[in-house]
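Encoded as structure tokens, the structure appears first; notes follow it.
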Amino acid sequence: MDSTVTQSKNKSSLLTMRNIGSVLAVGVVMAIVYGYITDPNVTTAVLASSLRQSTPLVLGALCGLIGERSGIVNIGIEGQMLMAAFIGFLANVYTGNLLIAVLAGVGAGALMGAFLGLMSIGLKMDQIIGGTVINILALGLTSFFYQAGLTTQGKLQPLNFGALAEIPLIGPILFNNPPITYATLILVVVVHFVLFHTRWGLRTRVIGEHPSAADTVGINVKMMRYVNITVAGAIAGLAGAYLTLEAVGSFERAMTNGRGFVALAVMLFGKRTPLGAWGAALLFGFATALQTQLQFGGQIDIPHQFIGMLPYVLTILVLAGFVGRSRDPKALGQVYETE
């Protein structure tokens, strides 16, 4: 009887969330249509910026969800992104080759992911503490070794799609972006396919739910967790490379500015699914782009600090309203001992 009531409540909650999501989606579409009719240039700029602003968030969310689907909590996404941004920046300064710089950033993220794996799997350290160590270590090292005045050899430029970029509204949004933005869209599809339609993805989800059962049928739980957390770190490294090599073209201390933690909210809001995380990242990207437009557009005469709070207020609202309804993998955060 109790289980029936619980299932009924869960279904009711799911329907409510879907209804809220549908209302929000309709509202956003109507606002976009109205905005494009009244001021097409501003609307196009905000939407194009939303896609770019969502890129590091969805990459960080993919990093987090791969780890949590494997049973490992990763709150070190912020540190992984920051270290990768710094290493990618230095590679760009000293080699002048953007491809090498991107690979260096991805490699730095992978090493940080492997380091988290060493602490949480090899040394059996508390995973929250391990992620905190990465955040503190990355902030300290990048701040200590950063030298002001270093100049880069440029940054990644938008790809040329010719006439496609001239299509009203759609062209500037979808066909006028640098390569990491497009790589992110591809990664969302790839991670979704691997996670839900391959044997590796099935095993990944199993070791996050029932690692002892996976071990019983011959799956190497520790090895899979090491591989997944390292690959996840590489994806966070790509997010860091985006910041210095595509978005800004330079490095500043603590330039991630909380994006790694926002990515965790994006992951939870997206129910630990790649497509859900992408949709949530677009929402946060839209909030960031909107607050930037409001600050520089001069339409609202209020202190810019209050406008700048918009993405973070949205983060708090999402965490308060949706995290409690998200089901964690059963073995999340637990150290697995081979029996």
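Order determines the names: the first chain of the structure tokens is A, the second B, and so forth; residues in each chain are numbered 1 upward, and ligands are numbered 1 upward as they are shown.
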Near segment 200-219 of chain A, 8 Å: segment 67-185 of chain A residue rows, closest pairs, only C-alpha atoms, as JSON lines:
{"residue": "A:Glu68", "atom": "CA", "partner": "A:Gly208", "partner_atom": "CA", "distance": 7.0}
{"residue": "A:Arg69", "atom": "CA", "partner": "A:Gly208", "partner_atom": "CA", "distance": 5.2}
{"residue": "A:Ser70", "atom": "CA", "partner": "A:Gly208", "partner_atom": "CA", "distance": 4.3}
{"residue": "A:Gly71", "atom": "CA", "partner": "A:Gly208", "partner_atom": "CA", "distance": 4.0}
{"residue": "A:Ile72", "atom": "CA", "partner": "A:Gly208", "partner_atom": "CA", "distance": 7.8}
**Study point:** 9 Å contact set for Asn177 of chain A, only C-alpha atoms, chain neighbours under 2 positions out, as a list in words
**Key:**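 With the cut-off at 9 Å, the set is Ala48, Arg52, Gln157, Pro158, Leu159, Asn160, Pro172, Ile173, Leu174, Phe175, Pro179, Ile180, Thr181 and Tyr182 of chain A.
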Residues just named, written with N, CA and C atoms as a CSV table (one decimal), in the first residue's frame:
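Written file, part.csv:
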chain,number,residue,atom,x,y,z
A,48,ALA,N,22.7,34.1,-29.2
A,48,ALA,CA,24.0,33.6,-29.6
A,48,ALA,C,24.9,33.6,-28.4
A,52,ARG,N,27.0,30.3,-26.3
A,52,ARG,CA,28.4,30.4,-26.0
A,52,ARG,C,28.6,30.3,-24.4
A,157,GLN,N,38.9,31.2,-33.6
A,157,GLN,CA,37.9,32.1,-34.3
A,157,GLN,C,36.7,31.3,-34.8
A,158,PRO,N,35.6,32.0,-35.0
A,158,PRO,CA,34.4,31.3,-35.5
A,158,PRO,C,34.7,30.6,-36.9
A,159,LEU,N,34.1,29.4,-37.0
A,159,LEU,CA,34.3,28.7,-38.3
A,159,LEU,C,33.4,29.3,-39.4
A,160,ASN,N,33.9,29.2,-40.6
A,160,ASN,CA,33.2,29.9,-41.7
A,160,ASN,C,32.3,28.9,-42.4
A,172,PRO,N,23.4,33.5,-37.2
A,172,PRO,CA,24.4,34.0,-36.1
A,172,PRO,C,24.4,33.1,-34.9
A,173,ILE,N,23.3,32.4,-34.6
A,173,ILE,CA,23.3,31.5,-33.4
A,173,ILE,C,24.0,30.2,-33.6
A,174,LEU,N,23.7,29.5,-34.7
A,174,LEU,CA,24.2,28.2,-35.0
A,174,LEU,C,25.4,28.1,-35.9
A,175,PHE,N,25.6,29.1,-36.7
A,175,PHE,CA,26.6,28.9,-37.8
A,175,PHE,C,27.7,30.0,-37.7
A,179,PRO,N,35.3,26.5,-32.7
A,179,PRO,CA,35.2,25.0,-32.7
A,179,PRO,C,34.9,24.3,-31.4
A,180,ILE,N,35.3,24.9,-30.3
A,180,ILE,CA,35.0,24.2,-29.0
A,180,ILE,C,33.5,24.2,-28.7
A,181,THR,N,32.8,25.2,-29.2
A,181,THR,CA,31.3,25.3,-29.0
A,181,THR,C,30.7,24.1,-29.8
A,182,TYR,N,31.1,23.9,-31.0
A,182,TYR,CA,30.6,22.8,-31.8
A,182,TYR,C,31.0,21.5,-31.2
ask   = Which is closer to Gly88 of chain A than all the others in A:Ser250, A:Ser50, A:Gln334, A:Gln127, using only C-alpha atoms?
value =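 Answer, going by the shortest atom-to-atom distance: A:Ser250.
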DSSP helix (DSSP H, G or I) residues within segment 16-205 of chain A, listed as an MDAnalysis selection string
chainID A and resid 16:38 40:69 77:95 98:122 127:145 162:166 170:174 179:197 199:205
Ala61 of chain A environment, 9 Å, only C-alpha atoms, sequence neighbours closer than 4 positions dropped, as a VMD selection string: chain A and resid 56 to 57 65 to 66 77 236 260 262 to 268 270 272 274 277 to 278 281
Need the shell around Tyr242 of chain A: protein/DNA/RNA residues with any atom at most 12 Å away, counting only C-alpha atoms. Skip same-chain ones fewer than 4 positions apart. Format as an NGL selection string?
:A and (52-60 or 81-82 or 84-89 or 98-99 or 101-106 or 155-157 or 177-184 or 235-238 or 246-251 or 255-256)
